[in-house]
file target22.cif (mmCIF, C-alpha atoms and all ligand atoms)
data_work
#
loop_
_atom_site.label_atom_id
_atom_site.label_comp_id
_atom_site.auth_asym_id
_atom_site.auth_seq_id
_atom_site.Cartn_x
_atom_site.Cartn_y
_atom_site.Cartn_z
CA MET H 279 -5.65 160.44 147.98
CA THR H 280 -5.86 164.16 147.25
CA LYS H 281 -3.10 166.02 145.43
CA HIS H 282 -1.88 167.49 148.69
CA GLY H 283 -2.67 164.54 150.92
CA VAL H 284 -0.29 162.91 153.36
CA VAL H 285 0.19 159.33 152.38
CA VAL H 286 2.77 156.66 151.79
CA VAL H 287 2.39 155.25 148.32
CA PRO H 288 4.20 152.75 146.16
CA GLU H 289 6.41 153.61 143.23
CA ASP H 290 4.81 155.54 140.38
CA THR H 291 2.24 157.28 142.56
CA VAL H 292 3.96 160.18 144.30
CA VAL H 293 3.20 163.82 143.73
CA GLY H 294 5.25 166.99 143.43
CA VAL H 295 3.27 170.18 143.81
CA ALA H 296 5.08 173.44 144.34
CA ALA H 297 5.17 176.08 141.64
CA GLY H 298 8.73 176.94 140.71
CA ARG H 299 10.70 180.11 140.32
CA HIS H 300 14.31 179.37 139.41
CA PHE H 301 13.86 176.81 136.69
CA SER H 302 16.07 176.65 133.70
CA PHE H 303 13.98 177.89 130.81
CA PRO H 304 14.57 178.41 127.96
CA PRO H 305 17.05 175.58 128.40
CA PRO H 306 20.68 176.69 128.30
CA ARG H 307 22.97 175.21 125.68
CA THR H 308 25.09 172.45 127.12
CA GLY H 309 27.95 170.27 126.03
CA ASP H 310 28.06 166.52 126.34
CA SER H 311 27.66 166.44 130.10
CA CYS H 312 24.68 164.12 130.46
CA LYS H 313 26.41 161.96 133.10
CA MET H 314 24.59 158.57 133.03
CA LEU H 315 21.19 160.11 132.73
CA ALA H 316 20.08 157.98 129.82
CA GLY H 317 20.40 154.93 132.01
CA GLN H 318 23.03 153.14 130.03
CA ILE H 319 24.65 150.25 131.84
CA ASP H 320 28.30 149.71 131.01
CA LEU H 321 28.45 146.03 130.12
CA GLY H 322 32.22 145.88 129.97
CA ALA H 323 32.95 147.41 133.34
CA ALA H 324 29.80 146.47 135.19
CA MET H 325 30.04 144.04 138.05
CA MET H 326 26.81 142.26 138.94
CA GLY H 327 26.45 144.56 141.93
CA SER H 328 26.23 147.64 139.78
CA TRP H 329 23.55 146.09 137.56
CA LEU H 330 21.49 145.28 140.57
CA ASP H 331 22.12 148.66 142.15
CA SER H 332 21.00 150.33 138.97
CA MET H 333 17.83 148.22 138.80
CA LYS H 334 17.02 149.03 142.42
CA ALA H 335 17.87 152.70 142.11
CA SER H 336 15.35 153.06 139.30
CA SER H 337 12.67 151.39 141.38
CA PRO H 338 12.16 153.46 144.53
CA ARG H 339 9.45 151.74 146.51
CA TYR H 340 8.06 154.33 148.85
CA LYS H 341 8.00 158.07 149.06
CA LEU H 342 6.28 160.47 151.42
CA VAL H 343 3.90 162.94 149.87
CA ALA H 344 3.39 165.38 152.68
CA PRO H 345 4.14 169.02 151.97
CA ARG H 346 3.35 170.07 155.51
CA VAL H 347 4.58 167.03 157.37
CA ALA H 348 7.60 165.34 155.88
CA ALA H 349 9.87 168.34 156.07
CA ALA H 350 13.11 166.72 154.99
CA GLY H 351 11.66 164.97 151.93
CA ASP H 352 9.70 168.07 151.11
CA ALA H 353 12.69 170.30 151.01
CA GLU H 354 14.15 168.08 148.32
CA GLN H 355 10.84 167.95 146.49
CA ASP H 356 10.30 171.70 146.68
CA ASP H 357 13.82 172.38 145.51
CA TRP H 358 13.31 170.02 142.58
CA MET H 359 9.98 171.61 141.69
CA GLU H 360 11.58 175.03 141.67
CA LYS H 361 14.00 173.79 139.05
CA HIS H 362 11.44 171.77 137.10
CA PRO H 363 8.09 173.47 137.66
CA SER H 364 4.80 172.19 136.41
CA ALA H 365 4.36 172.86 132.69
CA LEU H 366 0.69 173.53 133.50
CA GLY H 367 1.56 175.99 136.26
CA GLU H 368 3.98 177.76 133.93
CA PHE H 369 1.76 177.41 130.88
CA GLU H 370 1.70 181.12 130.09
CA SER H 371 5.47 181.43 130.06
CA LEU H 372 5.68 178.30 127.93
CA VAL H 373 3.28 179.75 125.36
CA ALA H 374 5.05 183.12 125.48
CA ALA H 375 8.39 181.45 124.74
CA ALA H 376 6.84 179.61 121.79
CA SER H 377 5.18 182.73 120.43
CA GLY H 378 6.00 183.34 116.75
CA LYS H 379 7.62 179.92 116.49
CA GLN H 380 6.43 176.64 115.06
CA ILE H 381 5.72 174.20 117.86
CA VAL H 382 6.61 170.59 117.04
CA MET H 383 5.30 168.02 119.51
CA PHE H 384 7.22 164.91 120.53
CA LEU H 385 5.40 162.47 122.80
CA ASP H 386 6.76 159.38 124.48
CA TYR H 387 4.14 156.63 124.89
CA ASP H 388 4.40 154.48 128.05
CA GLY H 389 4.09 156.52 131.22
CA THR H 390 3.33 159.64 129.17
CA LEU H 391 0.25 158.92 127.06
CA SER H 392 -0.71 155.77 128.96
CA PRO H 393 -0.28 154.97 132.64
CA ILE H 394 2.28 152.37 133.65
CA VAL H 395 0.60 148.98 134.12
CA GLU H 396 1.91 145.53 134.95
CA ASP H 397 1.22 143.94 131.58
CA PRO H 398 2.93 145.81 128.72
CA ASP H 399 0.31 144.53 126.27
CA SER H 400 -2.44 146.18 128.29
CA ALA H 401 -1.00 149.69 128.27
CA VAL H 402 -3.85 151.15 126.29
CA MET H 403 -4.48 154.82 125.76
CA THR H 404 -7.84 156.29 126.70
CA ASP H 405 -10.16 157.71 124.05
CA GLU H 406 -9.86 161.11 125.77
CA MET H 407 -6.08 161.02 125.43
CA ARG H 408 -6.35 159.94 121.78
CA GLU H 409 -8.66 162.86 121.13
CA ALA H 410 -6.24 165.27 122.85
CA VAL H 411 -3.35 163.97 120.72
CA ARG H 412 -5.46 164.12 117.58
CA SER H 413 -6.39 167.74 118.30
CA VAL H 414 -2.84 168.77 119.05
CA ALA H 415 -1.70 167.15 115.78
CA GLU H 416 -4.21 169.28 113.90
CA HIS H 417 -2.25 172.33 114.97
CA PHE H 418 1.34 171.14 115.26
CA PRO H 419 3.41 168.42 113.60
CA THR H 420 3.36 165.61 116.15
CA ALA H 421 5.51 162.53 116.65
CA ILE H 422 5.27 159.57 119.00
CA VAL H 423 8.76 158.51 120.13
CA SER H 424 8.75 155.17 121.87
CA GLY H 425 10.92 152.27 122.94
CA ARG H 426 8.21 149.99 121.62
CA GLY H 427 8.15 148.53 118.14
CA ARG H 428 6.61 151.04 115.75
CA ASP H 429 3.70 148.80 114.74
CA LYS H 430 2.85 148.07 118.33
CA VAL H 431 2.81 151.70 119.40
CA PHE H 432 0.81 152.60 116.29
CA ASN H 433 -1.77 149.99 117.26
CA PHE H 434 -2.14 151.65 120.64
CA VAL H 435 -2.34 155.23 119.30
CA ARG H 436 -4.14 154.59 115.98
CA LEU H 437 -3.71 158.08 114.53
CA ALA H 438 -2.45 157.98 110.94
CA GLU H 439 -1.61 161.68 110.83
CA LEU H 440 1.33 161.39 113.27
CA TYR H 441 4.98 160.54 112.85
CA TYR H 442 6.06 157.39 114.67
CA ALA H 443 9.57 156.71 115.90
CA GLY H 444 9.57 153.19 117.34
CA SER H 445 12.42 151.10 118.80
CA HIS H 446 13.83 154.15 120.64
CA GLY H 447 13.85 156.14 117.41
CA MET H 448 15.47 153.43 115.27
CA ASP H 449 12.35 152.99 113.15
CA ILE H 450 10.83 156.24 111.92
CA GLN H 451 7.79 156.53 109.74
CA GLY H 452 5.99 159.63 108.54
CA PRO H 453 2.26 160.06 108.15
CA THR H 454 0.69 158.83 104.97
CA ALA H 455 0.46 161.55 102.35
CA ASP H 456 -3.31 161.70 102.59
CA SER H 457 -3.27 162.54 106.27
CA ASN H 458 -0.21 164.76 106.38
CA HIS H 459 -1.25 168.37 106.31
CA HIS H 460 2.09 169.67 107.58
CA LEU H 461 3.98 168.84 104.39
CA ASN H 462 3.15 169.86 100.85
CA THR H 463 0.88 167.30 99.26
CA PRO H 464 3.11 164.88 97.36
CA SER H 465 2.25 163.22 94.11
CA LYS H 466 0.99 159.60 94.14
CA GLY H 467 4.47 158.32 93.36
CA GLU H 468 5.93 160.06 96.41
CA LYS H 469 3.41 158.59 98.82
CA GLN H 470 5.07 155.23 99.28
CA ALA H 471 8.60 156.68 99.35
CA ARG H 472 7.63 158.94 102.19
CA SER H 473 6.31 156.13 104.31
CA VAL H 474 9.39 154.79 106.12
CA LEU H 475 11.83 157.59 106.77
CA CYS H 476 14.69 156.09 108.71
CA GLN H 477 15.85 152.67 109.96
CA PRO H 478 19.48 153.11 111.00
CA ALA H 479 19.75 149.68 112.67
CA SER H 480 18.32 147.44 109.95
CA GLU H 481 21.49 145.32 109.76
CA PHE H 482 20.87 144.28 113.39
CA LEU H 483 17.49 142.66 112.73
CA PRO H 484 18.78 139.05 112.53
CA MET H 485 20.92 139.54 115.64
CA ILE H 486 18.01 141.00 117.60
CA GLY H 487 15.84 138.03 116.58
CA GLU H 488 18.52 135.60 117.71
CA VAL H 489 19.02 137.31 121.07
CA HIS H 490 15.26 137.50 121.57
CA ASP H 491 15.00 133.72 121.29
CA LEU H 492 17.92 133.17 123.67
CA LEU H 493 16.46 135.55 126.23
CA VAL H 494 13.00 133.97 126.02
CA GLU H 495 14.64 130.63 126.83
CA LYS H 496 16.63 132.08 129.76
CA MET H 497 13.69 134.04 131.17
CA ALA H 498 11.33 131.04 131.03
CA VAL H 499 12.62 129.89 134.41
CA ILE H 500 12.23 133.28 136.10
CA PRO H 501 8.65 133.76 137.32
CA GLY H 502 7.22 137.07 136.16
CA ALA H 503 10.00 137.87 133.68
CA MET H 504 8.95 138.79 130.19
CA VAL H 505 10.82 139.47 126.97
CA GLU H 506 9.28 141.92 124.51
CA ASN H 507 10.41 142.10 120.90
CA ASN H 508 10.51 145.74 119.86
CA LYS H 509 11.94 144.93 116.42
CA PHE H 510 15.27 146.82 116.57
CA CYS H 511 15.61 146.40 120.32
CA LEU H 512 14.38 144.15 123.10
CA SER H 513 12.87 144.70 126.52
CA VAL H 514 13.35 142.35 129.45
CA HIS H 515 10.64 143.26 131.94
CA PHE H 516 11.17 142.66 135.65
CA ARG H 517 8.18 144.59 137.08
CA CYS H 518 6.51 141.30 138.06
CA VAL H 519 9.68 139.55 139.19
CA ASP H 520 10.36 139.08 142.91
CA GLU H 521 13.12 141.51 143.86
CA LYS H 522 15.12 138.62 145.32
CA THR H 523 15.41 137.20 141.81
CA TRP H 524 16.54 140.41 140.09
CA GLY H 525 20.17 139.40 140.49
CA THR H 526 19.57 136.07 138.74
CA LEU H 527 17.69 137.82 135.95
CA ALA H 528 20.49 140.34 135.46
CA GLU H 529 23.07 137.56 135.41
CA GLN H 530 21.10 135.63 132.77
CA VAL H 531 20.77 138.70 130.57
CA ARG H 532 24.44 139.41 131.01
CA SER H 533 25.42 135.88 130.08
CA VAL H 534 23.58 136.28 126.77
CA LEU H 535 24.92 139.73 125.98
CA ARG H 536 28.51 138.69 126.69
CA GLU H 537 28.41 136.95 123.31
CA TYR H 538 27.03 140.05 121.55
CA PRO H 539 29.42 142.97 121.94
CA ARG H 540 27.55 144.92 119.28
CA LEU H 541 24.55 145.19 121.58
CA ARG H 542 24.27 147.45 124.60
CA LEU H 543 22.02 147.62 127.59
CA THR H 544 20.02 150.58 128.83
CA GLN H 545 17.42 150.73 131.54
CA GLY H 546 13.89 152.01 131.74
CA ARG H 547 11.13 151.64 134.29
CA LYS H 548 11.59 148.12 135.62
CA VAL H 549 12.86 147.03 132.25
CA LEU H 550 16.27 146.20 130.80
CA GLU H 551 16.51 147.34 127.20
CA ILE H 552 18.87 145.71 124.75
CA ARG H 553 19.78 147.62 121.63
CA PRO H 554 22.46 148.02 118.96
CA VAL H 555 25.59 149.98 119.86
CA ILE H 556 24.93 152.49 117.07
CA LYS H 557 24.87 156.15 118.06
CA TRP H 558 21.16 156.52 117.75
CA ASP H 559 18.60 157.31 120.41
CA LYS H 560 15.46 159.33 120.98
CA GLY H 561 17.51 162.54 120.77
CA ARG H 562 18.82 161.63 117.34
CA ALA H 563 15.29 160.73 116.29
CA LEU H 564 14.10 164.17 117.40
CA GLU H 565 16.83 165.83 115.36
CA PHE H 566 16.07 163.63 112.37
CA LEU H 567 12.39 164.51 112.49
CA LEU H 568 13.06 168.22 112.84
CA GLY H 569 15.24 167.92 109.74
CA ALA H 570 12.59 165.93 107.87
CA LEU H 571 10.10 168.68 108.65
CA GLY H 572 12.49 171.34 107.34
CA PHE H 573 13.37 172.81 110.73
CA ALA H 574 16.96 171.60 111.09
CA ASP H 575 18.63 175.02 111.09
CA ARG H 576 15.66 177.16 111.85
CA THR H 577 15.56 179.37 114.91
CA ASP H 578 11.79 179.81 114.69
CA VAL H 579 10.95 176.29 115.79
CA PHE H 580 9.87 175.30 119.29
CA PRO H 581 10.09 171.54 119.90
CA ILE H 582 8.23 170.29 122.96
CA TYR H 583 9.26 166.82 124.10
CA ILE H 584 7.25 165.06 126.82
CA GLY H 585 8.56 161.82 128.31
CA ASP H 586 8.85 159.94 131.57
CA ASP H 587 11.81 157.65 131.19
CA ARG H 588 15.59 157.68 131.31
CA THR H 589 15.73 157.12 127.57
CA ASP H 590 13.83 160.39 127.08
CA GLU H 591 16.78 162.20 128.61
CA ASP H 592 18.58 161.85 125.27
CA ALA H 593 15.90 164.03 123.73
CA PHE H 594 15.96 166.54 126.60
CA LYS H 595 19.69 166.75 126.12
CA VAL H 596 19.28 167.60 122.43
CA LEU H 597 16.84 170.39 123.28
CA ARG H 598 19.37 171.80 125.72
CA SER H 599 22.20 171.63 123.23
CA ARG H 600 20.01 173.36 120.63
CA GLY H 601 18.93 175.93 123.25
CA GLN H 602 15.44 175.45 121.89
CA GLY H 603 12.00 174.38 122.98
CA ALA H 604 11.03 172.66 126.20
CA GLY H 605 11.65 169.24 127.70
CA ILE H 606 8.91 168.07 130.06
CA LEU H 607 9.47 165.12 132.40
CA VAL H 608 6.44 163.14 133.56
CA THR H 609 7.18 162.07 137.11
CA ARG H 610 5.90 162.02 140.65
CA PHE H 611 9.41 161.84 142.08
CA PRO H 612 12.28 164.28 141.97
CA LYS H 613 14.68 162.74 139.43
CA ASP H 614 17.92 163.72 137.78
CA THR H 615 16.77 165.23 134.53
CA LEU H 616 17.67 167.63 131.76
CA ALA H 617 14.01 168.53 131.30
CA SER H 618 12.94 172.09 132.09
CA PHE H 619 9.43 171.32 133.27
CA SER H 620 7.49 168.50 134.86
CA LEU H 621 4.04 166.98 134.80
CA ARG H 622 2.87 164.37 137.26
CA ASP H 623 1.04 161.83 135.15
CA PRO H 624 -0.65 161.16 131.81
CA ASP H 625 -3.78 163.04 132.96
CA GLU H 626 -1.71 166.18 133.29
CA VAL H 627 -0.15 165.49 129.89
CA LYS H 628 -3.67 165.36 128.46
CA ASP H 629 -4.53 168.67 130.15
CA LEU H 630 -1.43 170.30 128.71
CA LEU H 631 -2.23 169.07 125.20
CA ARG H 632 -5.75 170.45 125.53
CA GLU H 633 -4.43 173.80 126.79
CA LEU H 634 -2.07 174.01 123.83
CA VAL H 635 -4.95 173.47 121.44
CA ILE H 636 -7.05 176.12 123.20
CA SER H 637 -4.16 178.60 123.07
CA LYS H 638 -3.93 178.08 119.34
CA SER H 639 -7.66 178.44 118.64
O1 LIG W 1 9.63 154.82 125.27
P1 LIG W 1 8.38 154.30 125.88
O2 LIG W 1 7.19 154.44 125.00
O3 LIG W 1 8.14 154.89 127.25
O4 LIG W 1 8.64 152.74 126.06
C1 LIG W 1 9.52 152.28 127.09
C2 LIG W 1 9.12 150.89 127.48
O5 LIG W 1 7.71 150.98 127.74
C3 LIG W 1 7.03 149.76 128.00
O6 LIG W 1 7.39 149.30 129.30
C4 LIG W 1 6.97 150.16 130.35
O7 LIG W 1 5.53 150.23 130.35
C5 LIG W 1 4.87 148.96 130.63
C6 LIG W 1 3.38 149.18 130.51
O8 LIG W 1 2.93 150.20 131.34
C7 LIG W 1 5.30 148.46 132.02
O9 LIG W 1 4.69 147.22 132.29
C8 LIG W 1 6.82 148.33 132.08
O10 LIG W 1 7.24 147.99 133.40
C9 LIG W 1 7.49 149.66 131.68
O11 LIG W 1 8.91 149.51 131.60
C10 LIG W 1 7.30 148.75 126.94
O12 LIG W 1 6.65 147.53 127.29
C11 LIG W 1 8.78 148.55 126.73
O13 LIG W 1 9.00 147.66 125.66
C12 LIG W 1 9.38 149.90 126.35
O14 LIG W 1 10.77 149.76 126.15
#

call {"tool": "encode", "arguments": {"input": "target22.cif", "output": "structure tokens", "more": "lines below"}}
Ligand SMILES: O=P(O)(O)OC[C@H]1O[C@H](O[C@H]2O[C@H](CO)[C@@H](O)[C@H](O)[C@H]2O)[C@H](O)[C@@H](O)[C@@H]1O
result
Amino acid sequence: MTKHGVVVVPEDTVVGVAAGRHFSFPPPRTGDSCKMLAGQIDLGAAMMGSWLDSMKASSPRYKLVAPRVAAAGDAEQDDWMEKHPSALGEFESLVAAASGKQIVMFLDYDGTLSPIVEDPDSAVMTDEMREAVRSVAEHFPTAIVSGRGRDKVFNFVRLAELYYAGSHGMDIQGPTADSNHHLNTPSKGEKQARSVLCQPASEFLPMIGEVHDLLVEKMAVIPGAMVENNKFCLSVHFRCVDEKTWGTLAEQVRSVLREYPRLRLTQGRKVLEIRPVIKWDKGRALEFLLGALGFADRTDVFPIYIGDDRTDEDAFKVLRSRGQGAGILVTRFPKDTLASFSLRDPDEVKDLLRELVISKS
């Protein structure tokens, strides 16, 4: 398929192309009007129907990619691309807006640095992408912000010089002193203290372990279902579950969570995510890291956050409320988003990272 080809493709493979004109950049300051963008499912009020609806709504199966043919769909796509143009297409205005400011990079992992695949354990990052991230981190402080457990995402990325915010930001670790060139070199005694920066949900560890075991038991009878332990949160994957069984899966998850009112449910790409009710998300992690880097109240900072998922909307929302930087959504579909720009896939993310490095050289 070419970029501009006419083809019907399954989820995760559709393309938006038009260059935009009326996009919202720099992002305006906003209040707390994120609607349900972060994909939170209200456990208390939710009827089974709304769980299922939400799972289906986040899993569109087919989409026409035909700028010249599918006029109705295109109008929507073009309109969306005008509001969220390609960050590559608008690269010069992006760099101009960041001029004189310190760029800080925030990168989601799955769907952003690695393509979405069926088996979560196989979502490896290419060497080319690793090199692009490594180069970008030479120029700008860089953090990986992921729903995955921190150790797991580190094992995929394997770059010691980055910050890592695992478990949707509930487990933040800075680079080791030796590799961190963005902070003043600490003494030997400081090195260890600087290692883990923030774990706001540590009291939930035993509960998460308990719920993990219960969910593994429940999911054992659902073909294709998989439970992933992300340390401070859990993922119940339904990408490989027959759609006819999604209702059963949702009901099983709900039956477990009914007994745990201190846990909440959010939704990602064909995954239900269970996490503590604490007010902490990828947006809070972004703010925490900006503070840790000394940029909390600075106006000369330009955070760039790139992510593909509903949970990344919390970070886009923070950028909007700060009136700073740029949120970039990785997607092939028009989606409700607070991001200012878009990219279509991890390959385009890699291109953008490379362009940023070139612009700095
Ligand atoms: O915040 P992220 O780094 O984007 O993590 C979100 C979830 O990503 C992973 O699941 C997603 O990617 C898998 C591999 O491509 C795919 O199989 C799955 O359907 C996606 O939902 C990860 O496995 C989850 O634990 C994360 O919560």

call {"tool": "residues_near_ligand", "arguments": {"input": "target22.cif", "ligand": "ligand LIG 1 (chain W)", "cutoff": "8 Å", "atoms": "all atoms listed in the file", "output": "NGL selection string"}}
result
:H and (386-390 or 392-401 or 423-427 or 431 or 445-446 or 506-508 or 512-517 or 546-549 or 551 or 585-587 or 589-590)

call {"tool": "residues_around", "arguments": {"input": "target22.cif", "residues": "Val411 (chain H)", "least_positions_apart": "2", "cutoff": "12 Å", "atoms": "all atoms listed in the file", "output": "VMD selection string"}}
result
chain H and resid 383 to 387 390 to 392 403 to 409 413 to 422 435 to 441 624 627 to 635

call {"tool": "atom_distance", "arguments": {"input": "target22.cif", "atom1": "CA of Asp592 (chain H)", "atom2": "CA of Phe573 (chain H)"}}
result
18.9 Å

call {"tool": "closest_residue", "arguments": {"input": "target22.cif", "among": "H:Trp358, H:Phe566, H:Phe434, H:Tyr538", "to": "Thr609 (chain H)", "atoms": "all atoms listed in the file"}}
result
H:Trp358

call {"tool": "atom_distance", "arguments": {"input": "target22.cif", "atom1": "CA of Ile450 (chain H)", "atom2": "CA of Ala563 (chain H)"}}
result
7.7 Å

call {"tool": "closest_residue", "arguments": {"input": "target22.cif", "among": "H:Leu527, H:Leu567, H:Cys511, H:Ala593", "to": "Phe482 (chain H)", "atoms": "all atoms listed in the file"}}
result
H:Cys511

call {"tool": "atom_distance", "arguments": {"input": "target22.cif", "atom1": "CA of Phe580 (chain H)", "atom2": "CA of Ala604 (chain H)"}}
result
7.5 Å

call {"tool": "residues_around", "arguments": {"input": "target22.cif", "residues": "Pro478 (chain H)", "least_positions_apart": "2", "cutoff": "10 Å", "atoms": "only C-alpha atoms", "output": "MDAnalysis selection string"}}
result
chainID H and resid 447:450 475:476 480:482 510 554 556:558

call {"tool": "closest_residue", "arguments": {"input": "target22.cif", "among": "H:Lys522, H:Pro612, H:Ser639, H:Gly603", "to": "Ala374 (chain H)", "atoms": "all atoms listed in the file"}}
result
H:Gly603

call {"tool": "residues_around", "arguments": {"input": "target22.cif", "residues": "Thr523 (chain H)", "least_positions_apart": "3", "cutoff": "12 Å", "atoms": "all atoms listed in the file", "output": "list of chain:residue names"}}
result
H:Leu330, H:Met333, H:Lys334, H:Met497, H:Val499, H:Ile500, H:Pro501, H:Gly502, H:Ala503, H:Phe516, H:Arg517, H:Cys518, H:Val519, H:Asp520, H:Thr526, H:Leu527, H:Ala528, H:Glu529, H:Gln530

call {"tool": "build_atoms", "arguments": {"input": "target22.cif", "residues": "region 434-448 of chain H", "atoms": "N, CA and C atoms", "output": "compact mmCIF listing (two decimals), in the frame of the given file"}}
result
# COMPACT_ATOMS: atom_id res chain seq x y z
N PHE H 434 -1.57 151.03 119.44
CA PHE H 434 -2.14 151.65 120.64
C PHE H 434 -2.70 153.04 120.31
N VAL H 435 -1.96 153.81 119.51
CA VAL H 435 -2.34 155.23 119.30
C VAL H 435 -3.38 155.37 118.19
N ARG H 436 -3.20 154.64 117.11
CA ARG H 436 -4.14 154.59 115.98
C ARG H 436 -4.50 155.96 115.40
N LEU H 437 -3.48 156.80 115.21
CA LEU H 437 -3.71 158.08 114.53
C LEU H 437 -2.74 158.15 113.35
N ALA H 438 -3.29 158.09 112.14
CA ALA H 438 -2.45 157.98 110.94
C ALA H 438 -1.72 159.28 110.62
N GLU H 439 -2.19 160.38 111.19
CA GLU H 439 -1.61 161.68 110.83
C GLU H 439 -0.32 162.00 111.58
N LEU H 440 0.13 161.12 112.46
CA LEU H 440 1.33 161.39 113.27
C LEU H 440 2.57 160.78 112.64
N TYR H 441 3.72 161.23 113.11
CA TYR H 441 4.98 160.54 112.85
C TYR H 441 5.17 159.52 113.98
N TYR H 442 5.78 158.40 113.64
CA TYR H 442 6.06 157.39 114.67
C TYR H 442 7.53 157.03 114.64
N ALA H 443 8.19 157.15 115.78
CA ALA H 443 9.57 156.71 115.90
C ALA H 443 9.58 155.59 116.92
N GLY H 444 9.58 154.34 116.44
CA GLY H 444 9.57 153.19 117.34
C GLY H 444 10.98 152.74 117.64
N SER H 445 11.12 151.69 118.45
CA SER H 445 12.42 151.10 118.80
C SER H 445 13.41 152.19 119.25
N HIS H 446 12.98 153.05 120.13
CA HIS H 446 13.83 154.15 120.64
C HIS H 446 14.33 155.04 119.50
N GLY H 447 13.49 155.23 118.51
CA GLY H 447 13.85 156.14 117.41
C GLY H 447 14.54 155.45 116.26
N MET H 448 14.75 154.13 116.34
CA MET H 448 15.47 153.43 115.27
C MET H 448 14.56 152.99 114.13
